[in-house]
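K.L.:
I'd like to ask some things about the structure below.
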Amino acid sequence: MSAAPAPSSDGIGIANLPNQRHKIVAKSGAHFTIMVVGESGLGKTTLVNTLFSTELSPTKNYNKRHLKQLDKLTEVEIIKAELEEKQFKVKLTVIDTPGFGDYVNNRDSWAPIVDFIDDQHEAYMRQEQQPERKEKTDLRVHACLYFVRPTGHTLKPLDIEIMKRLGTRVNLIPVVAKADTLTQNDLHTFKQRIREVIAAQGIRIYQPLIETDDEAAAEHARMLCDAMPFSIIGSTEDVQTADGRVVKGREYLWGVAEVENEDHCDFKKLRSLVIRTHMLDLISTTEDFHYENYRQQQMETRKFGEPKPRKLDNPKFKEEEELLRKRFTEQVKAEEARFRQWEQHLIAERDRLNKDLELAHSAIKALEAELDNLQVGYGRGSARR
Ligand SMILES: Nc1nc2c(ncn2[C@@H]2O[C@H](COP(=O)(O)OP(=O)(O)OP(=O)(O)O)[C@@H](O)[C@H]2O)c(=O)[nH]1
Ligand SMILES: [Mg+2]
């Protein structure tokens, strides 16, 4: 066992960003909420613990509380910790969601997660509408890590569906789980494919802010952008590498998969993004974009102070309605096409029958003519005229 890792020199992001928001945040302390989502067994809980054990080492001033919030459906686990560095305080909340199954059409297992996010926006909005604005409970999710199973193939339809819904509500950060189970080559291809599907499906993912006035920071942000989806190895175990270092990692016959080794996975990049360089950006984009989006959608459909609307007026159901409508239109189009084909087939058939009929008619006419001829011939022969 090793000693706790040394605190990193660059520290948490709040202390590093000299801007207006920094002042506001420094005064009141920041709330930062991160959520992990994905199929079960992908290492969500392990990653949360890894983040805590590498970042929130006992050398830092923090306290960690486990608060098990039992939301009947979601059973999310809420872990709270307070980071303090210099005079800056960050109230960190991690929402660990139970994994959903990996079969298609299990909407019921992940819908509560989407609902949870909406409910936090709703709760915050209601508090804002109160005449007395005391300190609000704020569990709006600033970063949502979506875990992708390391199949090496591509995103599954279920991933796509969930990611689409999450992306319109929160800062969505896709991660490839258990990166140690893929070779570097396969990992590279897998990440590339995921990026392609994300683009092709129009899934909105978090784009790290690239600051224009600081070239080094901009460079770092670009590097983070390019690395998405981040590959992750989670472990709170201290293991010894072949060259004698003691690191957080996973031990294999072939060696050690190291959590904080950039050649092995992107854990450090992810940690840097959420805890250090982009925490404030995640907070402000949530506030200015996602929350504002929710608020405006709600304002359009209900009056000030009115309770949450009926299901059908809710934006979340609007999305569904939209989807249904689209599916309906598609089906109608398909039916129409089928009908047109059938109609054409009918016309062709009618033409064919008409031709047959014509042929039959002319055959009859020919026969009649022949008959006439015969009769004429017969008349002459019998000389009755
Ligand atoms: N190979 C490998 N295994 C991992 C990694 N992270 C976690 N695991 C293992 O995967 C198993 C499941 O990990 P959890 O962290 O419980 O997964 P989870 O996503 O929280 O699962 P649910 O809570 O059931 O949804 C455990 O045996 C972990 O040790 C990883 O990066 N690589
Ligand atoms: Mg778990």
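Chains: A, B, ... in order of the structure tokens. Residues: from 1 per chain. Ligands: from 1, in order shown.
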Show which residues sit within 12 Å of Met163 in chain A, as a ChimeraX atom specification. Count only C-alpha atoms, and ignore same-chain residues fewer than 2 positions away.
P.N.:
/A:37-38,110-111,113-114,144-148,155-161,165-175,194,197-198,201-206
K.L.:
Could you please extract the residues within 6 Å of ligand 2, counting only C-alpha atoms and all ligand atoms, and hand them back as an mmCIF file with C-alpha atoms, in the first residue's frame?
P.N.:
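pocket.cif, freshly written:
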```cif
data_model
loop_
_atom_site.group_PDB
_atom_site.id
_atom_site.type_symbol
_atom_site.label_atom_id
_atom_site.label_comp_id
_atom_site.auth_asym_id
_atom_site.auth_seq_id
_atom_site.Cartn_x
_atom_site.Cartn_y
_atom_site.Cartn_z
ATOM 1 C CA LYS A 44 -19.667 3.974 -12.865
ATOM 2 C CA THR A 45 -19.380 3.590 -9.109
ATOM 3 C CA PRO A 98 -28.011 2.463 -10.964
#
```
K.L.:
Among range 193-377 of chain A, which residues carry a DSSP assignment of alpha helix (DSSP H), reported as a ChimeraX atom specification?
P.N.:
/A:193-200,215-227,267-271,279-285,292-301,315-377
K.L.:
So that each row is one residue of chain A with an atom at most 6 Å from ligand 1, can you give its shortest atom pair and the distance in Å to one decimal, using only C-alpha atoms and all ligand atoms, rows by chain and rising number, as JSON lines?
P.N.:
```
{"residue": "A:Glu39", "atom": "CA", "partner": "ligand 1", "partner_atom_place_in_ligand_line": "25 (O)", "distance": 5.8}
{"residue": "A:Ser40", "atom": "CA", "partner": "ligand 1", "partner_atom_place_in_ligand_line": "25 (O)", "distance": 3.1}
{"residue": "A:Gly41", "atom": "CA", "partner": "ligand 1", "partner_atom_place_in_ligand_line": "21 (O)", "distance": 3.4}
{"residue": "A:Leu42", "atom": "CA", "partner": "ligand 1", "partner_atom_place_in_ligand_line": "19 (O)", "distance": 3.9}
{"residue": "A:Gly43", "atom": "CA", "partner": "ligand 1", "partner_atom_place_in_ligand_line": "15 (O)", "distance": 3.3}
{"residue": "A:Lys44", "atom": "CA", "partner": "ligand 1", "partner_atom_place_in_ligand_line": "19 (O)", "distance": 3.7}
{"residue": "A:Thr45", "atom": "CA", "partner": "ligand 1", "partner_atom_place_in_ligand_line": "20 (O)", "distance": 3.7}
{"residue": "A:Thr46", "atom": "CA", "partner": "ligand 1", "partner_atom_place_in_ligand_line": "15 (O)", "distance": 3.7}
{"residue": "A:Pro98", "atom": "CA", "partner": "ligand 1", "partner_atom_place_in_ligand_line": "25 (O)", "distance": 4.4}
{"residue": "A:Gly99", "atom": "CA", "partner": "ligand 1", "partner_atom_place_in_ligand_line": "25 (O)", "distance": 3.1}
{"residue": "A:Lys178", "atom": "CA", "partner": "ligand 1", "partner_atom_place_in_ligand_line": "31 (O)", "distance": 3.5}
{"residue": "A:Asp180", "atom": "CA", "partner": "ligand 1", "partner_atom_place_in_ligand_line": "32 (N)", "distance": 5.6}
{"residue": "A:Thr181", "atom": "CA", "partner": "ligand 1", "partner_atom_place_in_ligand_line": "1 (N)", "distance": 5.8}
{"residue": "A:Ile232", "atom": "CA", "partner": "ligand 1", "partner_atom_place_in_ligand_line": "31 (O)", "distance": 5.9}
{"residue": "A:Ile233", "atom": "CA", "partner": "ligand 1", "partner_atom_place_in_ligand_line": "31 (O)", "distance": 3.4}
{"residue": "A:Gly234", "atom": "CA", "partner": "ligand 1", "partner_atom_place_in_ligand_line": "31 (O)", "distance": 3.9}
```
K.L.:
A:Pro112, A:Met223, A:Lys269, A:Ile347: which is nearest Ile210 in chain A, counting only C-alpha atoms?
P.N.:
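When distances to Ile210 in chain A are compared using only C-alpha atoms, the smallest one comes from A:Met223.
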K.L.:
Kindly assemble as a Markdown table a list of the range 105-159 of chain A residues that lie within 9 Å of range 273-297 of chain A, each paired with its nearest atom pair and their distance in Å to one decimal, using only C-alpha atoms, sorted first by chain and then by ascending residue number.
P.N.:
```
| residue | atom | partner | partner_atom | distance |
| --- | --- | --- | --- | --- |
| A:Asp118 | CA | A:Tyr294 | CA | 7.9 |
| A:His121 | CA | A:Tyr291 | CA | 6.2 |
| A:Glu122 | CA | A:Arg295 | CA | 8.0 |
| A:Met125 | CA | A:Arg295 | CA | 7.0 |
| A:Arg140 | CA | A:Thr286 | CA | 8.0 |
| A:Val141 | CA | A:Thr286 | CA | 7.6 |
| A:His142 | CA | A:Ile283 | CA | 5.6 |
| A:Ala143 | CA | A:Leu282 | CA | 6.6 |
```
K.L.:
Could you pull out the residues in range 164-306 of chain A that DSSP calls strand (DSSP E or B) from the backbone, as number ranges by chain?
P.N.:
A: 172-176, 230-231, 238-240, 246-252, 255-258
K.L.:
Only N, CA and C atoms, please: the residues just picked out, written as a PDB file, in the first residue's frame.
P.N.:
```pdb
ATOM      1  N   LEU A 172     -23.323  16.767 -21.739  1.00  0.00           N
ATOM      2  CA  LEU A 172     -23.123  15.323 -21.863  1.00  0.00           C
ATOM      3  C   LEU A 172     -21.673  15.032 -22.234  1.00  0.00           C
ATOM      4  N   ILE A 173     -21.043  14.191 -21.432  1.00  0.00           N
ATOM      5  CA  ILE A 173     -19.649  13.827 -21.697  1.00  0.00           C
ATOM      6  C   ILE A 173     -19.565  12.310 -21.851  1.00  0.00           C
ATOM      7  N   PRO A 174     -19.403  11.836 -23.085  1.00  0.00           N
ATOM      8  CA  PRO A 174     -19.353  10.390 -23.284  1.00  0.00           C
ATOM      9  C   PRO A 174     -18.006   9.818 -22.852  1.00  0.00           C
ATOM     10  N   VAL A 175     -18.026   8.662 -22.217  1.00  0.00           N
ATOM     11  CA  VAL A 175     -16.767   7.999 -21.863  1.00  0.00           C
ATOM     12  C   VAL A 175     -16.827   6.527 -22.283  1.00  0.00           C
ATOM     13  N   VAL A 176     -15.700   6.009 -22.681  1.00  0.00           N
ATOM     14  CA  VAL A 176     -15.607   4.586 -23.006  1.00  0.00           C
ATOM     15  C   VAL A 176     -15.173   3.871 -21.733  1.00  0.00           C
ATOM     16  N   PHE A 230     -13.800  10.203 -23.815  1.00  0.00           N
ATOM     17  CA  PHE A 230     -12.664   9.835 -22.974  1.00  0.00           C
ATOM     18  C   PHE A 230     -12.705   8.346 -22.637  1.00  0.00           C
ATOM     19  N   SER A 231     -11.561   7.711 -22.792  1.00  0.00           N
ATOM     20  CA  SER A 231     -11.493   6.308 -22.362  1.00  0.00           C
ATOM     21  C   SER A 231     -11.095   6.288 -20.890  1.00  0.00           C
ATOM     22  N   ASP A 238      -4.127   0.326  -5.132  1.00  0.00           N
ATOM     23  CA  ASP A 238      -2.739   0.668  -5.413  1.00  0.00           C
ATOM     24  C   ASP A 238      -2.020  -0.588  -5.851  1.00  0.00           C
ATOM     25  N   VAL A 239      -1.430  -0.524  -7.022  1.00  0.00           N
ATOM     26  CA  VAL A 239      -0.695  -1.700  -7.512  1.00  0.00           C
ATOM     27  C   VAL A 239       0.706  -1.259  -7.934  1.00  0.00           C
ATOM     28  N   GLN A 240       1.599  -2.246  -8.015  1.00  0.00           N
ATOM     29  CA  GLN A 240       2.981  -1.909  -8.348  1.00  0.00           C
ATOM     30  C   GLN A 240       3.269  -2.235  -9.811  1.00  0.00           C
ATOM     31  N   VAL A 246       4.248   2.745  -7.575  1.00  0.00           N
ATOM     32  CA  VAL A 246       2.963   2.315  -7.020  1.00  0.00           C
ATOM     33  C   VAL A 246       1.897   3.278  -7.538  1.00  0.00           C
ATOM     34  N   VAL A 247       0.946   2.714  -8.222  1.00  0.00           N
ATOM     35  CA  VAL A 247      -0.056   3.558  -8.890  1.00  0.00           C
ATOM     36  C   VAL A 247      -1.450   2.987  -8.673  1.00  0.00           C
ATOM     37  N   LYS A 248      -2.447   3.835  -8.928  1.00  0.00           N
ATOM     38  CA  LYS A 248      -3.812   3.322  -8.985  1.00  0.00           C
ATOM     39  C   LYS A 248      -3.944   2.585 -10.307  1.00  0.00           C
ATOM     40  N   GLY A 249      -4.399   1.347 -10.246  1.00  0.00           N
ATOM     41  CA  GLY A 249      -4.488   0.626 -11.507  1.00  0.00           C
ATOM     42  C   GLY A 249      -5.096  -0.750 -11.355  1.00  0.00           C
ATOM     43  N   ARG A 250      -5.084  -1.477 -12.457  1.00  0.00           N
ATOM     44  CA  ARG A 250      -5.609  -2.844 -12.458  1.00  0.00           C
ATOM     45  C   ARG A 250      -4.509  -3.768 -12.927  1.00  0.00           C
ATOM     46  N   GLU A 251      -4.334  -4.840 -12.164  1.00  0.00           N
ATOM     47  CA  GLU A 251      -3.204  -5.729 -12.401  1.00  0.00           C
ATOM     48  C   GLU A 251      -3.609  -6.874 -13.318  1.00  0.00           C
ATOM     49  N   TYR A 252      -2.780  -7.113 -14.318  1.00  0.00           N
ATOM     50  CA  TYR A 252      -3.011  -8.243 -15.220  1.00  0.00           C
ATOM     51  C   TYR A 252      -1.730  -9.040 -15.340  1.00  0.00           C
ATOM     52  N   GLY A 255       0.732  -7.125 -17.166  1.00  0.00           N
ATOM     53  CA  GLY A 255       1.224  -5.876 -16.577  1.00  0.00           C
ATOM     54  C   GLY A 255       0.116  -5.116 -15.892  1.00  0.00           C
ATOM     55  N   VAL A 256       0.313  -3.813 -15.744  1.00  0.00           N
ATOM     56  CA  VAL A 256      -0.650  -3.009 -15.008  1.00  0.00           C
ATOM     57  C   VAL A 256      -1.310  -1.989 -15.940  1.00  0.00           C
ATOM     58  N   ALA A 257      -2.639  -1.931 -15.876  1.00  0.00           N
ATOM     59  CA  ALA A 257      -3.349  -0.865 -16.586  1.00  0.00           C
ATOM     60  C   ALA A 257      -3.456   0.295 -15.610  1.00  0.00           C
ATOM     61  N   GLU A 258      -2.815   1.396 -15.951  1.00  0.00           N
ATOM     62  CA  GLU A 258      -2.700   2.508 -14.997  1.00  0.00           C
ATOM     63  C   GLU A 258      -3.768   3.571 -15.232  1.00  0.00           C
TER      64      GLU A 258
END
```
